[in-house]
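Engineer: Once you've had a glance at the structure underneath, I'll fire off some questions.
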Amino acid sequence: MATFSFPITTTAFILLLLTLTSNVLNNLAAKHSHHSSSIKAITNLRLQKAYIALQAWKRVIYSDPNNTTANWLGPSVCNYTGIYCAPFPNDTKIQVVAGIDLNHADIAGFLPEELGLLNDLALLHLNSNRFCGILPLSLSNLTLLHELDISNNRFVGPFPNVVLSLSSLKYLDLRYNEFEGPLPSQLFSKDLDAIFVNNNRLTSMIPSNLGSSSASVVVFANNYFGGCLPPSIANFANTLEELLLINTSLSGCLPPEVGFLYKLKVLDVSNNKLAGPIPYTIAGLSHLELLNVAHNMFSGIVPEGICVLPKLSNFTFSYNYFCEEQGICSNLTSKGMLYDDRRNCLPEKPLQRSKKECDAVAEHPIECLSFRCGT
């Protein structure tokens, strides 16, 4: 394959990738055209390509302890375990391979280039296996793919940019792999409903265009992002319901724009290095059910406006430096709320920090207006 020594834009990269993929797929189809009478027995050209792809995949499966692919034999691909066929939308008399679900099969192997021949796929579910290596560029040919779940495998390398070329994609789940490096900002320009990238080795800061997506669920937990949460998070206001940023090395202050996410039900920013007060704007999140800010460096007052949120049932703010619980916040048991206020600086509450720790923080209050993300 040609190499390039000059910078290449994402748009140019995708166009180049599609061109290369088209050539690769044509070569693959030609390569397998002699594949015996099994192919000739399939009169449906779309199922012919599916047969070629699935047989190529079976050859690079090195462990299948549950014999999931044992019946991947012969031309009847729609009868293969984990393979789901459906009528072709433009001609319902034609059957196509529309879905693959091998979740929890414990299969070991890798994904061959031939998978790009499955261009009728709408869903590809491979979670909880032992697939390894990198995602083939030929996946860019899966223009109808709606759901991609490759979570809990052993994929490696930088963020798989090939997913950026999947024009129909709505659900992306890459969690529990070994992807590393920065998140491309183009990810948040896609019309995705769910983004799961937690438990990888992703680094660098969260892109400043974070809120450009229309996702309802965003999970970044257990990576190495660092930096601050950009104010552009407010652009998620019309869609975002769950935001999980657990253990992502975030620092600075939690931006008040978080309080603009009026549909939010779950907000978890625990185990970071966030400081300063909790933004009072969170008191406007009337749908919020779970709020976890534990294991940070928050200080100041726990606002009553948060404690009286109508749907809040779980509020964890332990291991910070809060010095006062305002109003009903000091007696959340009376509201039947699950809460944890340990290891703060709350007078007359048990299991708090030492006076020395609390005094040290009180002497150096954080002014969040001086620490706006991006300044």
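To be explicit about the labels: the chains of the structure tokens are called A, B, and onward in the order shown, and within each one the residues are counted from 1, while ligands get numbers from 1 in the order they are shown.
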I need the residues in segment 138-321 of chain A that are helix (DSSP H, G or I) according to DSSP; give them as a ChimeraX atom specification.
Structural biologist: /A:138-141,161-165,185-189,210-212,231-236,256-260,280-284,304-307
Engineer: Atoms to include: N, CA, C and O atoms. Write the selected residues as a compact mmCIF listing (two decimals), in the first residue's frame.
Structural biologist:
```txt
# COMPACT_ATOMS: atom_id res chain seq x y z
N SER A 138 -11.32 -1.97 5.24
CA SER A 138 -12.44 -2.35 4.37
C SER A 138 -13.79 -2.20 5.05
O SER A 138 -14.83 -2.19 4.38
N LEU A 139 -13.82 -2.05 6.38
CA LEU A 139 -15.10 -1.84 7.07
C LEU A 139 -15.78 -0.56 6.62
O LEU A 139 -16.98 -0.38 6.83
N SER A 140 -15.02 0.35 6.02
CA SER A 140 -15.63 1.58 5.51
C SER A 140 -16.68 1.31 4.43
O SER A 140 -17.49 2.18 4.11
N ASN A 141 -16.67 0.11 3.88
CA ASN A 141 -17.66 -0.25 2.86
C ASN A 141 -19.02 -0.56 3.47
O ASN A 141 -20.02 -0.69 2.75
N ASN A 161 -10.04 5.12 13.03
CA ASN A 161 -10.65 6.17 12.22
C ASN A 161 -11.61 5.64 11.17
O ASN A 161 -12.42 6.39 10.63
N VAL A 162 -11.52 4.35 10.88
CA VAL A 162 -12.42 3.79 9.88
C VAL A 162 -13.88 3.98 10.28
O VAL A 162 -14.76 4.10 9.42
N VAL A 163 -14.17 4.05 11.59
CA VAL A 163 -15.56 4.21 12.01
C VAL A 163 -16.11 5.58 11.63
O VAL A 163 -17.33 5.77 11.54
N LEU A 164 -15.22 6.55 11.39
CA LEU A 164 -15.67 7.88 11.01
C LEU A 164 -16.31 7.90 9.63
O LEU A 164 -17.04 8.83 9.29
N SER A 165 -16.02 6.88 8.82
CA SER A 165 -16.56 6.83 7.46
C SER A 165 -17.87 6.08 7.37
O SER A 165 -18.44 5.95 6.28
N SER A 185 -11.53 14.72 16.87
CA SER A 185 -12.65 15.66 17.05
C SER A 185 -13.80 15.33 16.10
O SER A 185 -14.96 15.62 16.40
N GLN A 186 -13.48 14.68 14.95
CA GLN A 186 -14.53 14.36 13.98
C GLN A 186 -15.56 13.38 14.54
O GLN A 186 -16.68 13.29 14.04
N LEU A 187 -15.20 12.66 15.60
CA LEU A 187 -16.14 11.73 16.22
C LEU A 187 -17.39 12.46 16.68
O LEU A 187 -18.50 11.93 16.63
N PHE A 188 -17.22 13.70 17.14
CA PHE A 188 -18.34 14.45 17.70
C PHE A 188 -19.09 15.27 16.65
O PHE A 188 -19.98 16.04 16.97
N SER A 189 -18.70 15.09 15.41
CA SER A 189 -19.45 15.69 14.31
C SER A 189 -20.39 14.68 13.67
O SER A 189 -21.14 15.01 12.76
N LEU A 210 -16.80 18.82 21.79
CA LEU A 210 -17.48 17.70 22.43
C LEU A 210 -18.99 17.70 22.21
O LEU A 210 -19.58 16.68 21.91
N GLY A 211 -19.63 18.84 22.36
CA GLY A 211 -21.09 18.88 22.31
C GLY A 211 -21.69 18.95 20.92
O GLY A 211 -22.89 19.18 20.78
N SER A 212 -20.87 18.76 19.89
CA SER A 212 -21.40 18.85 18.52
C SER A 212 -22.21 17.62 18.13
O SER A 212 -22.90 17.63 17.12
N PRO A 231 -16.59 23.89 27.83
CA PRO A 231 -17.94 24.47 27.94
C PRO A 231 -18.87 24.04 26.81
O PRO A 231 -20.10 24.12 26.96
N SER A 232 -18.31 23.57 25.71
CA SER A 232 -19.15 23.13 24.58
C SER A 232 -20.04 21.95 24.96
O SER A 232 -20.93 21.58 24.19
N ILE A 233 -19.83 21.38 26.15
CA ILE A 233 -20.70 20.31 26.64
C ILE A 233 -22.16 20.78 26.61
O ILE A 233 -23.08 19.98 26.47
N ALA A 234 -22.37 22.09 26.72
CA ALA A 234 -23.73 22.65 26.73
C ALA A 234 -24.48 22.34 25.44
O ALA A 234 -25.72 22.30 25.42
N ASN A 235 -23.74 22.10 24.35
CA ASN A 235 -24.39 21.84 23.06
C ASN A 235 -25.11 20.49 23.02
O ASN A 235 -25.84 20.19 22.09
N PHE A 236 -24.86 19.66 24.06
CA PHE A 236 -25.56 18.38 24.19
C PHE A 236 -26.96 18.56 24.79
O PHE A 236 -27.66 17.59 25.03
N PRO A 256 -20.08 25.54 34.53
CA PRO A 256 -21.51 25.74 34.81
C PRO A 256 -22.40 25.28 33.67
O PRO A 256 -23.58 25.01 33.88
N GLU A 257 -21.83 25.15 32.47
CA GLU A 257 -22.61 24.69 31.32
C GLU A 257 -23.18 23.29 31.52
O GLU A 257 -24.13 22.91 30.83
N VAL A 258 -22.62 22.52 32.45
CA VAL A 258 -23.18 21.20 32.75
C VAL A 258 -24.64 21.34 33.18
O VAL A 258 -25.47 20.47 32.90
N GLY A 259 -24.94 22.43 33.83
CA GLY A 259 -26.31 22.67 34.28
C GLY A 259 -27.29 22.98 33.17
O GLY A 259 -28.50 23.09 33.42
N PHE A 260 -26.79 23.14 31.94
CA PHE A 260 -27.68 23.40 30.80
C PHE A 260 -28.22 22.10 30.20
O PHE A 260 -29.09 22.14 29.33
N TYR A 280 -23.82 25.83 40.80
CA TYR A 280 -25.20 25.87 41.28
C TYR A 280 -26.18 25.59 40.14
O TYR A 280 -27.34 25.22 40.38
N THR A 281 -25.72 25.72 38.91
CA THR A 281 -26.61 25.46 37.77
C THR A 281 -27.13 24.03 37.76
O THR A 281 -28.18 23.75 37.17
N ILE A 282 -26.42 23.12 38.42
CA ILE A 282 -26.87 21.72 38.49
C ILE A 282 -28.24 21.63 39.19
O ILE A 282 -29.00 20.69 38.96
N ALA A 283 -28.54 22.63 40.00
CA ALA A 283 -29.84 22.65 40.69
C ALA A 283 -31.01 22.77 39.71
O ALA A 283 -32.16 22.58 40.11
N GLY A 284 -30.72 23.04 38.46
CA GLY A 284 -31.78 23.14 37.46
C GLY A 284 -32.04 21.85 36.70
O GLY A 284 -32.91 21.80 35.83
N GLU A 304 -28.34 23.47 48.60
CA GLU A 304 -29.64 22.87 48.88
C GLU A 304 -30.43 22.65 47.60
O GLU A 304 -31.20 21.69 47.48
N GLY A 305 -30.22 23.53 46.62
CA GLY A 305 -30.94 23.39 45.36
C GLY A 305 -30.72 22.05 44.69
O GLY A 305 -31.60 21.53 44.00
N ILE A 306 -29.54 21.46 44.91
CA ILE A 306 -29.26 20.12 44.36
C ILE A 306 -29.96 19.06 45.18
O ILE A 306 -30.56 18.13 44.65
N CYS A 307 -29.91 19.21 46.48
CA CYS A 307 -30.47 18.19 47.38
C CYS A 307 -31.99 18.07 47.27
O CYS A 307 -32.55 17.03 47.63
```
Engineer: Compare A:Glu178, A:Asp101, A:Asp359, A:Asp191 by their minimum atom-to-atom distance to Thr81 of chain A, counting only C-alpha atoms, and give me the closest one.
Structural biologist: A:Asp101
Engineer: Show which residues sit within 10 Å of Phe88 of chain A, as a list in words. Count only C-alpha atoms, and ignore same-chain residues fewer than 3 positions away.
Structural biologist: Arg46, Cys85, Asp91, Thr92, Lys93, Ile94, Gln95, Val96, Val97, Ala98 and Asp120 of chain A
Engineer: Keeping only C-alpha atoms, write those residues as a short mmCIF file (atom, residue, chain, number, x, y, z; two decimals), in the first residue's frame.
Structural biologist:
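Okay, this is what ended up in out_33.cif:
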```cif
data_model
loop_
_atom_site.label_atom_id
_atom_site.label_comp_id
_atom_site.auth_asym_id
_atom_site.auth_seq_id
_atom_site.Cartn_x
_atom_site.Cartn_y
_atom_site.Cartn_z
CA ARG A 46 -25.08 -10.61 -2.24
CA CYS A 85 -30.59 -12.48 7.12
CA ASP A 91 -35.97 -5.78 -3.49
CA THR A 92 -37.66 -7.79 -0.75
CA LYS A 93 -37.39 -10.99 -2.80
CA ILE A 94 -33.63 -10.97 -2.21
CA GLN A 95 -32.20 -12.09 1.14
CA VAL A 96 -29.06 -10.40 2.49
CA VAL A 97 -26.88 -10.79 5.59
CA ALA A 98 -28.17 -7.89 7.67
CA ASP A 120 -25.59 -5.05 3.66
#
```
Engineer: Applying 10 Å and only C-alpha atoms, which residues near segment 168-170 of chain A remain after dropping the ones on its own chain fewer than 6 positions away? List them as an MDAnalysis selection string.
Structural biologist: chainID A and resid 122:123 142:148 190:195 214:215
Engineer: Using the selection just defined, write its residues with N, CA, C and O atoms as an mmCIF file, in the first residue's frame.
Structural biologist:
```
data_model
loop_
_atom_site.group_PDB
_atom_site.id
_atom_site.type_symbol
_atom_site.label_atom_id
_atom_site.label_comp_id
_atom_site.auth_asym_id
_atom_site.auth_seq_id
_atom_site.Cartn_x
_atom_site.Cartn_y
_atom_site.Cartn_z
ATOM 1 N N ALA A 122 -26.364 -4.216 8.896
ATOM 2 C CA ALA A 122 -26.924 -3.117 9.676
ATOM 3 C C ALA A 122 -26.409 -3.145 11.107
ATOM 4 O O ALA A 122 -26.341 -2.105 11.766
ATOM 5 N N LEU A 123 -26.061 -4.335 11.604
ATOM 6 C CA LEU A 123 -25.497 -4.414 12.952
ATOM 7 C C LEU A 123 -24.384 -5.448 13.001
ATOM 8 O O LEU A 123 -24.454 -6.495 12.362
ATOM 9 N N LEU A 142 -19.102 -0.670 4.806
ATOM 10 C CA LEU A 142 -20.369 -1.033 5.458
ATOM 11 C C LEU A 142 -21.216 0.226 5.656
ATOM 12 O O LEU A 142 -21.457 0.680 6.782
ATOM 13 N N THR A 143 -21.683 0.770 4.572
ATOM 14 C CA THR A 143 -22.371 2.062 4.598
ATOM 15 C C THR A 143 -23.751 1.997 5.240
ATOM 16 O O THR A 143 -24.335 3.044 5.536
ATOM 17 N N LEU A 144 -24.289 0.802 5.452
ATOM 18 C CA LEU A 144 -25.601 0.665 6.096
ATOM 19 C C LEU A 144 -25.489 0.332 7.576
ATOM 20 O O LEU A 144 -26.511 0.193 8.256
ATOM 21 N N LEU A 145 -24.254 0.216 8.082
ATOM 22 C CA LEU A 145 -24.070 -0.229 9.463
ATOM 23 C C LEU A 145 -24.631 0.789 10.444
ATOM 24 O O LEU A 145 -24.233 1.956 10.451
ATOM 25 N N HIS A 146 -25.543 0.317 11.288
ATOM 26 C CA HIS A 146 -26.243 1.165 12.254
ATOM 27 C C HIS A 146 -25.652 1.007 13.657
ATOM 28 O O HIS A 146 -25.566 1.971 14.411
ATOM 29 N N GLU A 147 -25.243 -0.216 13.998
ATOM 30 C CA GLU A 147 -24.685 -0.495 15.323
ATOM 31 C C GLU A 147 -23.369 -1.249 15.186
ATOM 32 O O GLU A 147 -23.294 -2.271 14.501
ATOM 33 N N LEU A 148 -22.339 -0.746 15.875
ATOM 34 C CA LEU A 148 -21.043 -1.418 15.928
ATOM 35 C C LEU A 148 -20.644 -1.589 17.391
ATOM 36 O O LEU A 148 -20.419 -0.608 18.098
ATOM 37 N N LYS A 190 -20.340 13.448 14.155
ATOM 38 C CA LYS A 190 -21.202 12.398 13.611
ATOM 39 C C LYS A 190 -22.529 12.360 14.364
ATOM 40 O O LYS A 190 -22.600 12.713 15.540
ATOM 41 N N ASP A 191 -23.538 11.916 13.685
ATOM 42 C CA ASP A 191 -24.890 11.861 14.258
ATOM 43 C C ASP A 191 -25.069 10.545 15.018
ATOM 44 O O ASP A 191 -25.826 9.668 14.613
ATOM 45 N N LEU A 192 -24.354 10.433 16.143
ATOM 46 C CA LEU A 192 -24.398 9.212 16.947
ATOM 47 C C LEU A 192 -25.361 9.370 18.112
ATOM 48 O O LEU A 192 -25.465 10.449 18.704
ATOM 49 N N ASP A 193 -26.032 8.283 18.469
ATOM 50 C CA ASP A 193 -26.925 8.306 19.626
ATOM 51 C C ASP A 193 -26.207 7.854 20.889
ATOM 52 O O ASP A 193 -26.557 8.272 21.994
ATOM 53 N N ALA A 194 -25.196 6.999 20.757
ATOM 54 C CA ALA A 194 -24.469 6.496 21.922
ATOM 55 C C ALA A 194 -22.983 6.366 21.587
ATOM 56 O O ALA A 194 -22.626 5.860 20.517
ATOM 57 N N ILE A 195 -22.137 6.848 22.505
ATOM 58 C CA ILE A 195 -20.684 6.781 22.339
ATOM 59 C C ILE A 195 -20.091 6.161 23.599
ATOM 60 O O ILE A 195 -20.131 6.765 24.678
ATOM 61 N N SER A 214 -25.103 14.491 18.745
ATOM 62 C CA SER A 214 -26.491 14.465 19.224
ATOM 63 C C SER A 214 -26.714 13.256 20.118
ATOM 64 O O SER A 214 -27.834 12.762 20.231
ATOM 65 N N ALA A 215 -25.666 12.771 20.763
ATOM 66 C CA ALA A 215 -25.748 11.543 21.552
ATOM 67 C C ALA A 215 -26.584 11.731 22.810
ATOM 68 O O ALA A 215 -26.641 12.809 23.402
#
```
Engineer: Please identify all polymer residues within 7 Å of Cys368 of chain A, counting only C-alpha atoms, omitting same-chain residues fewer than 3 positions from it, and present them as a list of chain:residue names.
Structural biologist: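 Residues near the query, excluding close chain neighbours: A:Cys253, A:Gly276, A:Phe371, A:Arg372.
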Engineer: Could you write out the selected residues, including N, CA and C atoms, as a PDB file, in the first residue's frame?
Structural biologist:
```pdb
ATOM      1  N   CYS A 253     -12.157  23.252  37.020  1.00  0.00           N
ATOM      2  CA  CYS A 253     -13.493  23.342  37.614  1.00  0.00           C
ATOM      3  C   CYS A 253     -14.522  22.666  36.700  1.00  0.00           C
ATOM      4  N   GLY A 276     -12.818  23.490  43.248  1.00  0.00           N
ATOM      5  CA  GLY A 276     -13.760  24.592  43.335  1.00  0.00           C
ATOM      6  C   GLY A 276     -15.130  24.132  43.783  1.00  0.00           C
ATOM      7  N   PHE A 371     -10.307  30.039  35.999  1.00  0.00           N
ATOM      8  CA  PHE A 371      -9.835  28.773  35.462  1.00  0.00           C
ATOM      9  C   PHE A 371     -10.809  28.213  34.423  1.00  0.00           C
ATOM     10  N   ARG A 372     -11.330  29.086  33.557  1.00  0.00           N
ATOM     11  CA  ARG A 372     -12.232  28.639  32.508  1.00  0.00           C
ATOM     12  C   ARG A 372     -11.490  27.750  31.526  1.00  0.00           C
TER      13      ARG A 372
END
```
Engineer: Write out as a list in words which residues come within 12 Å of Cys78 of chain A when counting only C-alpha atoms, dropping same-chain ones fewer than 5 positions away.
Structural biologist: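 Result of the neighbour search: Ile42, Asn44, Arg46, Leu47, Gln48, Ala50, Tyr51, Leu54, Asn71, Trp72, Leu73, Ile83, Tyr84, Cys85, Ala86, Pro87, Gln95, Val96, Val97, Ala98, Gly99 and Ile100 of chain A.
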Engineer: From segment 182-295 of chain A, collect each residue whose DSSP state is strand (DSSP E or B) and return the set as a list in words.
Structural biologist: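 DSSP on the backbone gives strand (DSSP E or B) at Ala194, Ile195, Phe196, Arg201, Leu202, Thr203, Val217, Val218, Val219, Tyr224, Glu242, Leu243, Leu244, Ser251, Gly252, Cys253, Val266, Leu267, Asp268, Lys273, Leu274, Ala275, Gly276, Leu290, Leu291 and Asn292 of chain A.
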